[in-house]
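Next up, work_37.txt (compact mmCIF, C-alpha atoms):
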# COMPACT_ATOMS: atom_id res chain seq x y z
CA ALA A 189 -29.68 13.41 -28.25
CA GLN A 190 -28.57 13.09 -24.67
CA SER A 191 -24.85 12.48 -24.12
CA VAL A 192 -21.88 13.30 -21.94
CA THR A 193 -18.39 14.38 -22.89
CA GLN A 194 -15.43 14.04 -20.59
CA LEU A 195 -12.57 16.39 -21.39
CA GLY A 196 -9.21 14.74 -20.92
CA SER A 197 -8.75 11.00 -21.07
CA HIS A 198 -5.89 11.19 -18.60
CA VAL A 199 -5.30 13.57 -15.69
CA SER A 200 -2.21 13.49 -13.50
CA VAL A 201 -1.92 15.32 -10.17
CA SER A 202 0.44 15.29 -7.23
CA GLU A 203 -0.67 13.91 -3.90
CA GLY A 204 -2.36 16.71 -1.95
CA ALA A 205 -3.20 18.74 -5.06
CA LEU A 206 -6.64 19.67 -6.32
CA VAL A 207 -8.41 17.14 -8.50
CA LEU A 208 -10.62 18.49 -11.30
CA LEU A 209 -12.27 16.11 -13.76
CA ARG A 210 -14.45 17.71 -16.41
CA CYS A 211 -17.81 16.60 -17.71
CA ASN A 212 -20.20 18.36 -20.06
CA TYR A 213 -23.61 17.05 -20.95
CA SER A 214 -26.11 17.47 -23.72
CA SER A 215 -29.76 16.98 -22.89
CA SER A 216 -33.04 18.35 -24.16
CA VAL A 217 -34.73 17.52 -20.86
CA PRO A 218 -33.57 18.05 -17.28
CA PRO A 219 -30.84 15.47 -16.80
CA TYR A 220 -29.90 13.22 -13.96
CA LEU A 221 -26.12 13.16 -13.71
CA PHE A 222 -23.78 10.74 -12.01
CA TRP A 223 -20.09 10.20 -11.36
CA TYR A 224 -18.74 6.68 -11.01
CA VAL A 225 -15.28 5.38 -10.14
CA GLN A 226 -13.71 2.17 -11.43
CA TYR A 227 -10.75 0.51 -9.77
CA PRO A 228 -8.76 -2.15 -11.67
CA ASN A 229 -10.62 -5.41 -12.25
CA GLN A 230 -13.78 -4.09 -10.64
CA GLY A 231 -17.14 -2.77 -11.71
CA LEU A 232 -18.17 0.85 -11.51
CA GLN A 233 -19.07 2.31 -8.11
CA LEU A 234 -21.25 5.33 -7.55
CA LEU A 235 -19.43 8.43 -6.26
CA LEU A 236 -22.31 10.90 -6.34
CA LYS A 237 -25.43 11.89 -8.23
CA TYR A 238 -27.33 15.03 -9.18
CA THR A 239 -31.10 14.82 -9.22
CA SER A 240 -32.05 18.53 -9.06
CA ALA A 241 -32.33 18.80 -5.27
CA ALA A 242 -29.12 20.85 -4.94
CA THR A 243 -26.58 22.07 -7.47
CA LEU A 244 -23.57 21.21 -5.29
CA VAL A 245 -23.48 17.52 -4.61
CA LYS A 246 -21.21 15.84 -2.11
CA GLY A 247 -20.18 12.26 -2.58
CA ILE A 248 -18.01 9.62 -1.02
CA ASN A 249 -14.25 9.84 -0.44
CA GLY A 250 -14.31 13.65 -0.27
CA PHE A 251 -15.45 14.20 -3.86
CA GLU A 252 -18.04 16.74 -4.88
CA ALA A 253 -19.54 18.03 -8.12
CA GLU A 254 -21.40 21.16 -9.11
CA PHE A 255 -24.21 21.24 -11.62
CA LYS A 256 -24.04 24.36 -13.79
CA LYS A 257 -26.95 24.56 -16.18
CA SER A 258 -25.62 27.65 -17.97
CA GLU A 259 -22.42 25.82 -18.78
CA THR A 260 -24.04 22.37 -19.18
CA SER A 261 -21.31 21.07 -16.93
CA PHE A 262 -20.98 18.69 -13.99
CA HIS A 263 -17.29 18.76 -13.08
CA LEU A 264 -15.92 16.55 -10.31
CA THR A 265 -13.53 17.97 -7.73
CA LYS A 266 -11.61 16.98 -4.66
CA PRO A 267 -9.52 19.51 -2.72
CA SER A 268 -6.63 17.21 -1.91
CA ALA A 269 -5.74 14.09 -3.90
CA HIS A 270 -4.78 10.88 -2.16
CA MET A 271 -2.85 7.98 -3.66
CA SER A 272 -5.93 5.81 -3.25
CA ASP A 273 -7.87 8.10 -5.63
CA ALA A 274 -5.97 6.71 -8.61
CA ALA A 275 -8.65 5.08 -10.76
CA GLU A 276 -10.82 5.69 -13.80
CA TYR A 277 -13.74 8.06 -13.43
CA PHE A 278 -16.89 8.09 -15.52
CA CYS A 279 -19.54 10.74 -15.89
CA ALA A 280 -23.02 9.48 -16.85
CA VAL A 281 -26.37 10.94 -17.83
CA SER A 282 -29.75 9.37 -17.32
CA PHE A 283 -33.04 10.51 -18.69
CA GLY A 284 -36.70 9.75 -18.93
CA ASN A 285 -36.65 6.52 -20.84
CA ASN A 286 -34.58 4.87 -18.12
CA ASP A 287 -31.47 4.66 -20.25
CA MET A 288 -28.03 5.63 -18.92
CA ARG A 289 -25.11 6.74 -21.07
CA PHE A 290 -21.50 7.04 -19.99
CA GLY A 291 -18.66 9.28 -21.01
CA ALA A 292 -15.40 7.85 -22.31
CA GLY A 293 -13.80 8.01 -18.87
CA THR A 294 -10.84 9.88 -17.36
CA ARG A 295 -7.92 8.01 -15.87
CA LEU A 296 -6.60 9.78 -12.77
CA THR A 297 -2.98 9.25 -11.79
CA VAL A 298 -1.73 10.53 -8.42
CA LYS A 299 2.00 11.11 -8.08
CA PRO A 300 3.70 10.88 -4.69
CA ASP B 44 -26.94 -7.11 0.18
CA ALA B 45 -24.85 -9.35 -2.08
CA GLY B 46 -24.78 -6.87 -4.93
CA VAL B 47 -24.96 -7.75 -8.61
CA ILE B 48 -23.37 -11.13 -9.20
CA GLN B 49 -21.81 -12.07 -12.51
CA SER B 50 -20.35 -15.36 -13.62
CA PRO B 51 -17.89 -16.41 -14.71
CA ARG B 52 -15.28 -13.76 -13.80
CA HIS B 53 -13.06 -14.88 -16.65
CA GLU B 54 -13.84 -16.80 -19.81
CA VAL B 55 -11.36 -17.92 -22.43
CA THR B 56 -12.74 -19.58 -25.51
CA GLU B 57 -11.87 -20.31 -29.09
CA MET B 58 -13.36 -18.53 -32.05
CA GLY B 59 -16.61 -20.10 -33.14
CA GLN B 60 -17.59 -21.37 -29.72
CA GLU B 61 -20.74 -20.35 -27.89
CA VAL B 62 -20.30 -18.17 -24.81
CA THR B 63 -22.90 -17.55 -22.12
CA LEU B 64 -22.48 -14.85 -19.51
CA ARG B 65 -24.72 -14.81 -16.46
CA CYS B 66 -26.04 -12.14 -14.16
CA LYS B 67 -28.05 -12.05 -10.96
CA PRO B 68 -29.33 -8.54 -10.21
CA ILE B 69 -29.92 -7.10 -6.77
CA SER B 70 -33.16 -8.41 -5.31
CA GLY B 71 -35.99 -5.94 -5.83
CA HIS B 72 -34.36 -4.12 -8.73
CA ASN B 73 -36.56 -4.12 -11.80
CA SER B 74 -34.16 -2.81 -14.47
CA LEU B 75 -31.15 -4.70 -15.77
CA PHE B 76 -28.45 -3.48 -18.12
CA TRP B 77 -25.68 -5.19 -20.08
CA TYR B 78 -22.60 -3.14 -20.99
CA ARG B 79 -19.41 -3.97 -22.85
CA GLN B 80 -16.11 -2.23 -22.05
CA THR B 81 -13.10 -2.07 -24.35
CA MET B 82 -10.13 0.24 -24.60
CA MET B 83 -11.15 1.38 -28.06
CA ARG B 84 -14.87 1.96 -27.54
CA GLY B 85 -15.17 2.55 -23.82
CA LEU B 86 -18.39 1.54 -22.05
CA GLU B 87 -21.15 0.62 -24.49
CA LEU B 88 -24.74 -0.14 -23.57
CA LEU B 89 -25.78 -3.37 -25.27
CA ILE B 90 -29.31 -3.91 -24.01
CA TYR B 91 -31.52 -3.17 -21.04
CA PHE B 92 -34.62 -4.73 -19.54
CA ASN B 93 -37.46 -3.30 -17.47
CA ASN B 94 -39.51 -5.84 -15.53
CA ASN B 95 -37.85 -8.64 -17.52
CA VAL B 96 -38.87 -7.14 -20.87
CA PRO B 97 -36.17 -5.97 -23.31
CA ILE B 98 -36.66 -2.26 -23.88
CA ASP B 99 -33.76 -1.24 -26.08
CA ASP B 100 -31.41 -3.68 -27.80
CA SER B 101 -30.09 -1.22 -30.37
CA GLY B 102 -26.62 -1.54 -28.88
CA MET B 103 -26.37 -5.25 -29.55
CA PRO B 104 -23.64 -5.38 -32.19
CA GLU B 105 -24.85 -8.27 -34.31
CA ASP B 106 -27.28 -11.15 -34.47
CA ARG B 107 -24.58 -13.27 -32.89
CA PHE B 108 -25.47 -11.55 -29.62
CA SER B 109 -28.64 -12.34 -27.72
CA ALA B 110 -29.87 -11.61 -24.20
CA LYS B 111 -32.65 -13.05 -22.12
CA MET B 112 -34.20 -12.38 -18.77
CA PRO B 113 -36.47 -15.30 -17.93
CA ASN B 114 -37.24 -13.99 -14.45
CA ALA B 115 -36.49 -11.08 -12.15
CA SER B 116 -33.42 -12.71 -10.66
CA PHE B 117 -31.50 -13.95 -13.68
CA SER B 118 -30.27 -12.79 -17.06
CA THR B 119 -27.94 -14.20 -19.71
CA LEU B 120 -25.95 -12.70 -22.55
CA LYS B 121 -25.05 -15.20 -25.23
CA ILE B 122 -22.61 -14.90 -28.10
CA GLN B 123 -22.84 -17.54 -30.81
CA PRO B 124 -20.50 -17.92 -32.59
CA SER B 125 -17.86 -15.93 -30.77
CA GLU B 126 -15.13 -13.98 -32.59
CA PRO B 127 -11.83 -12.47 -31.39
CA ARG B 128 -13.27 -8.96 -31.68
CA ASP B 129 -15.80 -9.86 -28.99
CA SER B 130 -12.98 -9.89 -26.44
CA ALA B 131 -13.90 -7.35 -23.79
CA VAL B 132 -15.15 -6.99 -20.24
CA TYR B 133 -18.91 -7.42 -20.02
CA PHE B 134 -20.75 -5.76 -17.15
CA CYS B 135 -24.21 -6.32 -15.83
CA ALA B 136 -25.91 -3.61 -13.77
CA SER B 137 -29.27 -3.26 -12.08
CA ARG B 138 -31.41 -0.39 -10.87
CA ASP B 139 -34.42 -0.05 -8.63
CA GLY B 140 -37.88 1.08 -9.68
CA GLN B 141 -37.32 4.78 -8.97
CA GLY B 142 -36.44 5.31 -12.61
CA ALA B 143 -33.93 7.62 -14.22
CA SER B 144 -32.85 9.29 -10.96
CA SER B 145 -31.64 6.02 -9.48
CA PRO B 146 -28.03 4.93 -9.92
CA LEU B 147 -26.93 1.70 -11.52
CA HIS B 148 -25.29 -0.96 -9.38
CA PHE B 149 -22.61 -2.85 -11.26
CA GLY B 150 -21.27 -6.36 -10.99
CA ASN B 151 -17.54 -7.02 -11.17
CA GLY B 152 -17.74 -8.01 -14.80
CA THR B 153 -16.79 -10.99 -16.95
CA ARG B 154 -13.52 -10.71 -18.83
CA LEU B 155 -13.99 -12.54 -22.13
CA THR B 156 -11.05 -13.56 -24.28
CA VAL B 157 -11.74 -15.15 -27.65
CA THR B 158 -8.70 -16.67 -29.34

Final structure tokens representation of the file:
Amino acid sequence: AQSVTQLGSHVSVSEGALVLLRCNYSSSVPPYLFWYVQYPNQGLQLLLKYTSAATLVKGINGFEAEFKKSETSFHLTKPSAHMSDAAEYFCAVSFGNNDMRFGAGTRLTVKP
Amino acid sequence: DAGVIQSPRHEVTEMGQEVTLRCKPISGHNSLFWYRQTMMRGLELLIYFNNNVPIDDSGMPEDRFSAKMPNASFSTLKIQPSEPRDSAVYFCASRDGQGASSPLHFGNGTRLTVT
């Protein structure tokens, strides 16, 4: 069955440090993968998506993610964290039947 | 583009009462999803529609939950009777006709509290 697993429910970094949020997927067919961000009291917003055009995907707010088929991973990174990046981040997988499944989420805290 | 619109933003009700949550998807989107978010269970898919037809309702927790999509611009999620364990944030999302490669667009959610 298709699913995603996010490693680490809570990640804390200092402002200016590298952000790395981990996501591994399980899929028997080529997956479509997404990262979303959720700020308090808001819905989820799309950060970026992988749809097989390129393995390194750039998104909004300086985030990017790399699709690694051999590792079944789609980790999210940002070179330098900003206070405004504090939020909850969700990895999601979509597949042929039009369904979309989300990981459990990772809460990012940015320390000054 | 007004985005996905959900109403109400907050709902407080007593156990046993009927609750109706509403959603207006983005114009032109032909798939609509209802999710529930709680601290314990995260983001759960309840049901989704394609072209107003329910495709998968296996995530609907019990018969107390029902969802309808009478037309392309409106959907409801009803809980009758409501219970305290139904307290959660309910999200509606829509997607265009490009299928699985298209992202979901989320509303701001309805925070339901059942006392």

(request) Please determine the contact residues of chain B with respect to chain A at a cut-off of 10 Å, counting only C-alpha atoms, and supply them as a VMD selection string. (result) chain B and resid 47 52 74 76 82 to 88 90 to 93 98 to 99 132 to 136 138 140 to 154

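CA of Ser116 (chain B) is found 8.7 Å from CA of Gly71 (chain B).
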
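Distance check against Ser109 (chain B) using only C-alpha atoms: of B:Thr158, B:Ser50, B:Val62, B:Asn94, the minimum falls on B:Val62.
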
(request) Determine, counting only C-alpha atoms, every residue of protein, DNA or RNA that lies within 8 Å of (-14.8, 13.8, -10.5) in the file coordinates, then give the result as a PyMOL selection string. (result) chain A and resi 207-210+223+251-253+263-266+277-279

Suppose we keep C-alpha atoms; can you now write the selection as a tab-separated table (two decimals), in the frame of the given file?
chain	number	residue	atom	x	y	z
A	207	VAL	CA	-8.41	17.14	-8.50
A	208	LEU	CA	-10.62	18.49	-11.30
A	209	LEU	CA	-12.27	16.11	-13.76
A	210	ARG	CA	-14.45	17.71	-16.41
A	223	TRP	CA	-20.09	10.20	-11.36
A	251	PHE	CA	-15.45	14.20	-3.86
A	252	GLU	CA	-18.04	16.74	-4.88
A	253	ALA	CA	-19.54	18.03	-8.12
A	263	HIS	CA	-17.29	18.76	-13.08
A	264	LEU	CA	-15.92	16.55	-10.31
A	265	THR	CA	-13.53	17.97	-7.73
A	266	LYS	CA	-11.61	16.98	-4.66
A	277	TYR	CA	-13.74	8.06	-13.43
A	278	PHE	CA	-16.89	8.09	-15.52
A	279	CYS	CA	-19.54	10.74	-15.89

Got a sec: who's within 8 Å of region 118-125 of chain B, counting all atoms listed in the file, leaving out chain neighbours fewer than 3 positions off, as a CSV table (one decimal) with C-alpha atoms, keeping the file's coordinate frame?
chain,number,residue,atom,x,y,z
B,57,GLU,CA,-11.9,-20.3,-29.1
B,58,MET,CA,-13.4,-18.5,-32.0
B,59,GLY,CA,-16.6,-20.1,-33.1
B,60,GLN,CA,-17.6,-21.4,-29.7
B,61,GLU,CA,-20.7,-20.4,-27.9
B,62,VAL,CA,-20.3,-18.2,-24.8
B,63,THR,CA,-22.9,-17.6,-22.1
B,64,LEU,CA,-22.5,-14.8,-19.5
B,65,ARG,CA,-24.7,-14.8,-16.5
B,66,CYS,CA,-26.0,-12.1,-14.2
B,67,LYS,CA,-28.0,-12.0,-11.0
B,77,TRP,CA,-25.7,-5.2,-20.1
B,107,ARG,CA,-24.6,-13.3,-32.9
B,108,PHE,CA,-25.5,-11.6,-29.6
B,109,SER,CA,-28.6,-12.3,-27.7
B,110,ALA,CA,-29.9,-11.6,-24.2
B,111,LYS,CA,-32.6,-13.0,-22.1
B,112,MET,CA,-34.2,-12.4,-18.8
B,113,PRO,CA,-36.5,-15.3,-17.9
B,114,ASN,CA,-37.2,-14.0,-14.4
B,129,ASP,CA,-15.8,-9.9,-29.0
B,157,VAL,CA,-11.7,-15.2,-27.6

Using only C-alpha atoms, I'd like a table of the residues in region 262-295 of chain A that come within 9 Å of region 201-204 of chain A; for each, show the closest atom pair and its distance in Å rounded to one decimal, ordered by chain and ascending number, as a tab-separated table.
residue	atom	partner	partner_atom	distance
A:Pro267	CA	A:Gly204	CA	7.7
A:Ser268	CA	A:Gly204	CA	4.3
A:Ala269	CA	A:Gly204	CA	4.7
A:His270	CA	A:Glu203	CA	5.4
A:Met271	CA	A:Glu203	CA	6.3

Taking every listed atom of region 124-128 of chain B and adding 6 Å to each side, what centre and edge lengths in Å (one decimal) does the axis-aligned box have, as lines of an AutoDock Vina configuration file?
center_x = -16.2
center_y = -13.4
center_z = -31.7
size_x = 20.7
size_y = 21.0
size_z = 13.8

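Note that the spacing between CA of Gln190 (chain A) and CA of Ser214 (chain A) amounts to 5.1 Å.
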
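Taking CA of Leu89 (chain B) and CA of Pro218 (chain A) as endpoints, the distance between them is 24.2 Å.
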
Mind checking which residues fall within 7 Å of Glu254 (chain A), counting only C-alpha atoms, ignoring those fewer than 2 positions away in the same chain, and posting them as a CSV table (one decimal) with C-alpha atoms, in the coordinates of the input?
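Output file selection_29.csv follows:
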chain,number,residue,atom,x,y,z
A,243,THR,CA,-26.6,22.1,-7.5
A,244,LEU,CA,-23.6,21.2,-5.3
A,245,VAL,CA,-23.5,17.5,-4.6
A,252,GLU,CA,-18.0,16.7,-4.9
A,256,LYS,CA,-24.0,24.4,-13.8
A,262,PHE,CA,-21.0,18.7,-14.0
A,263,HIS,CA,-17.3,18.8,-13.1
